[in-house]
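Coordinates as given in data.pdb (PDB, C-alpha atoms, pLDDT in the B column):
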```pdb
ATOM      1  CA  MET A   4      86.607 125.054 117.074  1.00 62.00           C
ATOM      2  CA  ILE A   5      83.737 122.618 117.660  1.00 62.00           C
ATOM      3  CA  ILE A   6      81.386 124.751 115.565  1.00 59.00           C
ATOM      4  CA  SER A   7      83.887 124.703 112.672  1.00 48.00           C
ATOM      5  CA  ILE A   8      84.109 120.916 112.831  1.00 52.00           C
ATOM      6  CA  LEU A   9      80.311 120.616 112.899  1.00 43.00           C
ATOM      7  CA  VAL A  10      79.950 122.962 109.919  1.00 41.00           C
ATOM      8  CA  ILE A  11      82.552 121.016 107.922  1.00 52.00           C
ATOM      9  CA  ALA A  12      80.875 117.709 108.817  1.00 47.00           C
ATOM     10  CA  PHE A  13      77.480 119.100 107.797  1.00 45.00           C
ATOM     11  CA  ILE A  14      78.864 120.307 104.452  1.00 47.00           C
ATOM     12  CA  PHE A  15      80.517 116.925 103.867  1.00 46.00           C
ATOM     13  CA  ILE A  16      77.220 115.124 104.536  1.00 46.00           C
ATOM     14  CA  LEU A  17      75.355 117.438 102.162  1.00 40.00           C
ATOM     15  CA  LEU A  18      77.943 116.861  99.434  1.00 40.00           C
ATOM     16  CA  TRP A  19      77.806 113.085  99.960  1.00 43.00           C
ATOM     17  CA  ILE A  20      74.006 113.045  99.783  1.00 43.00           C
ATOM     18  CA  GLY A  21      74.026 115.319  96.732  1.00 43.00           C
ATOM     19  CA  SER A  22      76.494 113.077  94.913  1.00 43.00           C
ATOM     20  CA  LYS A  23      73.954 110.240  94.990  1.00 48.00           C
ATOM     21  CA  GLY A  24      71.502 112.245  92.881  1.00 63.00           C
ATOM     22  CA  PRO A  25      67.896 112.951  93.713  1.00 78.00           C
ATOM     23  CA  ALA A  26      65.945 110.540  95.883  1.00 85.00           C
ATOM     24  CA  ARG A  27      63.092 108.739  94.111  1.00 87.00           C
ATOM     25  CA  SER A  28      59.784 107.255  95.163  1.00 88.00           C
ATOM     26  CA  PHE A  29      59.107 103.570  94.591  1.00 90.00           C
ATOM     27  CA  ASN A  30      56.971 104.294  91.510  1.00 91.00           C
ATOM     28  CA  GLN A  31      59.780 106.315  89.924  1.00 92.00           C
ATOM     29  CA  LEU A  32      62.143 103.318  90.120  1.00 94.00           C
ATOM     30  CA  LYS A  33      60.386 101.636  87.185  1.00 94.00           C
ATOM     31  CA  SER A  34      61.913 104.155  84.765  1.00 93.00           C
ATOM     32  CA  TYR A  35      65.387 103.023  85.880  1.00 93.00           C
ATOM     33  CA  LEU A  36      64.514  99.421  85.031  1.00 94.00           C
ATOM     34  CA  ILE A  37      63.395 100.575  81.575  1.00 93.00           C
ATOM     35  CA  ASP A  38      66.684 102.459  81.176  1.00 92.00           C
ATOM     36  CA  LEU A  39      68.632  99.361  82.206  1.00 92.00           C
ATOM     37  CA  ASP A  40      66.770  97.321  79.588  1.00 91.00           C
ATOM     38  CA  GLU A  41      66.970  99.896  76.777  1.00 90.00           C
ATOM     39  CA  ARG A  42      70.302 101.647  77.395  1.00 88.00           C
ATOM     40  CA  GLY A  43      72.358  99.184  79.416  1.00 86.00           C
ATOM     41  CA  TYR A  44      75.325  97.335  77.967  1.00 89.00           C
ATOM     42  CA  ASN A  45      76.145  93.726  78.782  1.00 91.00           C
ATOM     43  CA  TYR A  46      76.617  93.403  82.556  1.00 90.00           C
ATOM     44  CA  SER A  47      75.204  96.861  83.251  1.00 92.00           C
ATOM     45  CA  THR A  48      73.934  97.224  86.789  1.00 93.00           C
ATOM     46  CA  LEU A  49      71.167  99.069  88.553  1.00 95.00           C
ATOM     47  CA  VAL A  50      71.600  99.487  92.305  1.00 95.00           C
ATOM     48  CA  ILE A  51      68.743 100.745  94.472  1.00 94.00           C
ATOM     49  CA  ASN A  52      69.182 101.725  98.116  1.00 93.00           C
ATOM     50  CA  ARG A  53      67.963 104.054 100.812  1.00 87.00           C
ATOM     51  CA  ILE A  54      70.136 106.753 102.350  1.00 80.00           C
ATOM     52  CA  PHE A  55      72.243 105.638 105.320  1.00 80.00           C
ATOM     53  CA  SER A  56      71.362 101.992 104.727  1.00 86.00           C
ATOM     54  CA  LYS A  57      73.582  99.045 103.898  1.00 87.00           C
ATOM     55  CA  LYS A  58      70.611  97.283 102.306  1.00 93.00           C
ATOM     56  CA  PHE A  59      70.398  97.417  98.533  1.00 95.00           C
ATOM     57  CA  ILE A  60      68.803  95.719  95.568  1.00 96.00           C
ATOM     58  CA  GLN A  61      70.869  95.070  92.460  1.00 96.00           C
ATOM     59  CA  PHE A  62      69.807  94.157  88.952  1.00 96.00           C
ATOM     60  CA  ARG A  63      72.090  93.341  86.066  1.00 94.00           C
ATOM     61  CA  LYS A  64      71.568  93.074  82.341  1.00 94.00           C
ATOM     62  CA  LEU A  65      72.905  90.095  80.419  1.00 93.00           C
ATOM     63  CA  ILE A  66      73.008  90.110  76.639  1.00 92.00           C
ATOM     64  CA  ILE A  67      73.273  86.498  75.523  1.00 90.00           C
ATOM     65  CA  ASN A  68      72.687  87.379  71.860  1.00 90.00           C
ATOM     66  CA  LYS A  69      70.653  89.987  69.953  1.00 84.00           C
ATOM     67  CA  ASP A  70      67.427  88.058  70.551  1.00 85.00           C
ATOM     68  CA  GLU A  71      68.073  86.999  74.145  1.00 89.00           C
ATOM     69  CA  ILE A  72      68.423  89.666  76.809  1.00 90.00           C
ATOM     70  CA  ASN A  73      67.884  89.033  80.486  1.00 94.00           C
ATOM     71  CA  ILE A  74      67.377  91.391  83.405  1.00 95.00           C
ATOM     72  CA  GLN A  75      68.344  89.599  86.632  1.00 96.00           C
ATOM     73  CA  LEU A  76      67.992  90.392  90.276  1.00 97.00           C
ATOM     74  CA  ALA A  77      71.414  89.654  91.822  1.00 96.00           C
ATOM     75  CA  PHE A  78      71.102  89.351  95.597  1.00 96.00           C
ATOM     76  CA  PRO A  79      74.180  88.505  97.708  1.00 94.00           C
ATOM     77  CA  ASN A  80      74.409  86.322 100.765  1.00 94.00           C
ATOM     78  CA  ALA A  81      76.599  88.863 102.590  1.00 92.00           C
ATOM     79  CA  ASN A  82      76.944  89.788 106.251  1.00 92.00           C
ATOM     80  CA  TRP A  83      74.325  92.539 105.957  1.00 93.00           C
ATOM     81  CA  SER A  84      71.889  90.330 103.995  1.00 95.00           C
ATOM     82  CA  LYS A  85      72.065  87.030 105.907  1.00 95.00           C
ATOM     83  CA  ASN A  86      68.648  87.635 107.495  1.00 96.00           C
ATOM     84  CA  TYR A  87      67.070  88.553 104.148  1.00 97.00           C
ATOM     85  CA  TYR A  88      68.694  85.973 101.872  1.00 97.00           C
ATOM     86  CA  PRO A  89      66.458  83.033 102.895  1.00 97.00           C
ATOM     87  CA  GLN A  90      63.411  85.254 102.376  1.00 97.00           C
ATOM     88  CA  ILE A  91      64.554  86.082  98.829  1.00 97.00           C
ATOM     89  CA  ILE A  92      64.906  82.352  98.102  1.00 97.00           C
ATOM     90  CA  GLU A  93      61.450  81.741  99.578  1.00 97.00           C
ATOM     91  CA  LEU A  94      60.029  84.545  97.414  1.00 97.00           C
ATOM     92  CA  ALA A  95      61.522  82.951  94.285  1.00 97.00           C
ATOM     93  CA  ILE A  96      60.104  79.538  95.190  1.00 97.00           C
ATOM     94  CA  ASN A  97      56.646  80.767  96.241  1.00 97.00           C
ATOM     95  CA  ASP A  98      56.248  82.957  93.143  1.00 96.00           C
ATOM     96  CA  ASN A  99      57.548  80.135  90.914  1.00 97.00           C
ATOM     97  CA  LEU A 100      60.312  82.346  89.513  1.00 97.00           C
ATOM     98  CA  ASP A 101      63.249  81.242  87.396  1.00 96.00           C
ATOM     99  CA  TYR A 102      66.244  81.434  89.737  1.00 97.00           C
ATOM    100  CA  LYS A 103      69.632  79.927  90.464  1.00 96.00           C
ATOM    101  CA  ILE A 104      72.047  80.073  93.374  1.00 95.00           C
ATOM    102  CA  VAL A 105      75.689  80.558  92.403  1.00 94.00           C
ATOM    103  CA  GLU A 106      79.036  80.839  94.195  1.00 91.00           C
ATOM    104  CA  GLU A 107      80.871  83.887  92.834  1.00 84.00           C
ATOM    105  CA  ASN A 108      84.554  84.638  93.273  1.00 81.00           C
ATOM    106  CA  HIS A 109      84.876  88.255  92.081  1.00 72.00           C
ATOM    107  CA  TYR A 110      85.903  89.887  95.363  1.00 70.00           C
ATOM    108  CA  GLY A 111      86.192  86.836  97.544  1.00 75.00           C
ATOM    109  CA  GLU A 112      83.832  83.922  97.706  1.00 83.00           C
ATOM    110  CA  MET A 113      80.165  84.863  98.010  1.00 89.00           C
ATOM    111  CA  GLU A 114      76.890  83.180  97.186  1.00 94.00           C
ATOM    112  CA  PHE A 115      74.268  84.990  95.098  1.00 94.00           C
ATOM    113  CA  ILE A 116      70.710  84.218  94.121  1.00 96.00           C
ATOM    114  CA  TYR A 117      69.931  85.326  90.583  1.00 96.00           C
ATOM    115  CA  ILE A 118      66.265  85.714  89.686  1.00 97.00           C
ATOM    116  CA  ASN A 119      65.632  85.960  85.966  1.00 96.00           C
ATOM    117  CA  CYS A 120      63.102  88.542  84.853  1.00 96.00           C
ATOM    118  CA  ASN A 121      63.972  88.217  81.156  1.00 92.00           C
ATOM    119  CA  ARG A 122      62.766  91.600  79.858  1.00 92.00           C
ATOM    120  CA  ASP A 123      59.667  91.721  82.052  1.00 95.00           C
ATOM    121  CA  ILE A 124      59.951  95.171  83.639  1.00 96.00           C
ATOM    122  CA  ASP A 125      56.699  94.692  85.577  1.00 97.00           C
ATOM    123  CA  LEU A 126      58.089  91.512  87.162  1.00 97.00           C
ATOM    124  CA  ALA A 127      61.343  93.279  88.102  1.00 97.00           C
ATOM    125  CA  HIS A 128      59.388  96.219  89.542  1.00 97.00           C
ATOM    126  CA  SER A 129      57.190  93.863  91.588  1.00 97.00           C
ATOM    127  CA  LEU A 130      60.346  92.190  92.959  1.00 97.00           C
ATOM    128  CA  ILE A 131      61.612  95.593  94.057  1.00 96.00           C
ATOM    129  CA  GLU A 132      58.288  96.256  95.759  1.00 97.00           C
ATOM    130  CA  LYS A 133      58.224  92.922  97.598  1.00 97.00           C
ATOM    131  CA  ILE A 134      61.844  93.187  98.712  1.00 97.00           C
ATOM    132  CA  LEU A 135      61.687  96.819  99.841  1.00 96.00           C
ATOM    133  CA  PHE A 136      58.355  96.721 101.627  1.00 96.00           C
ATOM    134  CA  GLU A 137      57.760  93.095 102.646  1.00 96.00           C
ATOM    135  CA  ILE A 138      61.287  91.810 103.260  1.00 97.00           C
ATOM    136  CA  PHE A 139      63.287  94.952 104.145  1.00 96.00           C
ATOM    137  CA  LYS A 140      60.173  96.463 105.821  1.00 95.00           C
ATOM    138  CA  GLU A 141      60.898  99.947 104.477  1.00 94.00           C
ATOM    139  CA  PRO A 142      58.098 102.486 104.994  1.00 92.00           C
ATOM    140  CA  ARG A 143      55.942 102.962 101.871  1.00 91.00           C
ATOM    141  CA  ASN A 144      56.746 106.677 101.703  1.00 91.00           C
ATOM    142  CA  SER A 145      60.529 106.086 101.676  1.00 90.00           C
ATOM    143  CA  LYS A 146      62.750 107.686  99.064  1.00 92.00           C
ATOM    144  CA  PHE A 147      65.421 105.676  97.284  1.00 93.00           C
ATOM    145  CA  TYR A 148      68.555 106.250  95.259  1.00 93.00           C
ATOM    146  CA  ALA A 149      69.010 104.509  91.946  1.00 93.00           C
ATOM    147  CA  LEU A 150      72.391 104.212  90.247  1.00 91.00           C
ATOM    148  CA  LEU A 151      72.576 102.891  86.695  1.00 91.00           C
ATOM    149  CA  ASP A 152      76.120 101.885  85.752  1.00 90.00           C
ATOM    150  CA  ASN A 153      77.548 101.022  82.322  1.00 83.00           C
ATOM    151  CA  ALA A 154      74.754 102.421  80.162  1.00 80.00           C
ATOM    152  CA  SER A 155      74.629 104.725  77.145  1.00 78.00           C
ATOM    153  CA  ASN A 156      73.410 108.296  77.444  1.00 71.00           C
TER     154      ASN A 156
END
```

Hey, can you dump this file as structure tokens for me?
Amino acid sequence: MIISILVIAFIFILLWIGSKGPARSFNQLKSYLIDLDERGYNYSTLVINRIFSKKFIQFRKLIINKDEINIQLAFPNANWSKNYYPQIIELAINDNLDYKIVEENHYGEMEFIYINCNRDIDLAHSLIEKILFEIFKEPRNSKFYALLDNASN
């Protein structure tokens, strides 16, 4: 009986991990930013996280008009991120980045910091690097999942 439960749990975990797609190295994440910029619709999102972690990084694409497109880091001040949120603000200030802090009311009231990258993929990629390795303290050899939502094929 116990062995059957363990086998079913193991299969469930494998299916859950497999549903997230292949894990990527940090360097491979840049291609997802390019896809967000080139294939994403207005308010498309790119979410990057590590397996079994509540921590994530989220970017969104805003199309203001055909000549003005912005890729933004959208970082929440949530229960899981309360220790990191001030560090993200400090990063924006120290690196002299274009940012704003906004109260959102989509799923209950929550504060976000939005850091504008415009269409600078290198800037967005460097933000990922600083957040993952300096703020989240993830090991450099970690693998990450990247989910691009609301984009063309």

Exercise. Residues picked by the PyMOL selection byres ((chain A and resi 144) around 12) here, as an MDAnalysis selection string?
Worked result: chainID A and resid 26:30 53 135:136 140:143 145:147

For this session: Find the spatial neighbours of A:Ser47, counting all atoms listed in the file, within a cut-off of 8 Å - ignore same-chain residues fewer than 3 positions away - and output them as a PyMOL selection string.
Result: chain A and resi 39+43-44+63-65+151-154

Could you please take those selected residues and save C-alpha atoms as a JSON list (two decimals), in the coordinates of the input?
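Saved as part31.json:
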```json
[["chain", "number", "residue", "atom", "x", "y", "z"],
["A", 39, "LEU", "CA", 68.63, 99.36, 82.21],
["A", 43, "GLY", "CA", 72.36, 99.18, 79.42],
["A", 44, "TYR", "CA", 75.32, 97.34, 77.97],
["A", 63, "ARG", "CA", 72.09, 93.34, 86.07],
["A", 64, "LYS", "CA", 71.57, 93.07, 82.34],
["A", 65, "LEU", "CA", 72.90, 90.10, 80.42],
["A", 151, "LEU", "CA", 72.58, 102.89, 86.70],
["A", 152, "ASP", "CA", 76.12, 101.88, 85.75],
["A", 153, "ASN", "CA", 77.55, 101.02, 82.32],
["A", 154, "ALA", "CA", 74.75, 102.42, 80.16]]
```

For this session: Could you tell me which residues the PyMOL selection byres ((chain A and resi 67-76) around 6) grabs in this file, written as a VMD selection string?
Result: chain A and resid 61 to 66 77 117 to 122

Problem set entry | Selection near A:Ile91, 12 Å with all atoms listed in the file, sequence-local residues under 6 positions removed, as a list in words | Ile60, Leu76, Ala77, Phe78, Pro79, Asn80, Ser84, Lys85, Asn97, Asp98, Leu100, Tyr102, Lys103, Ile104, Phe115, Ile116, Tyr117, Ile118, Leu130, Ile131, Lys133, Ile134, Leu135, Glu137, Ile138 and Phe139 of chain A

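Pairwise distance (atom CA of A:Glu93, atom CA of A:Ala81) equals 17.0 Å.
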
Box for stretch 39-53 of chain A - axis-aligned, 8 Å on each of the six sides, all listed atoms - centre and size in Å to one decimal, as lines of an AutoDock Vina configuration file.
```
center_x = 71.7
center_y = 98.7
center_z = 88.8
size_x = 25.8
size_y = 26.7
size_z = 40.0
```
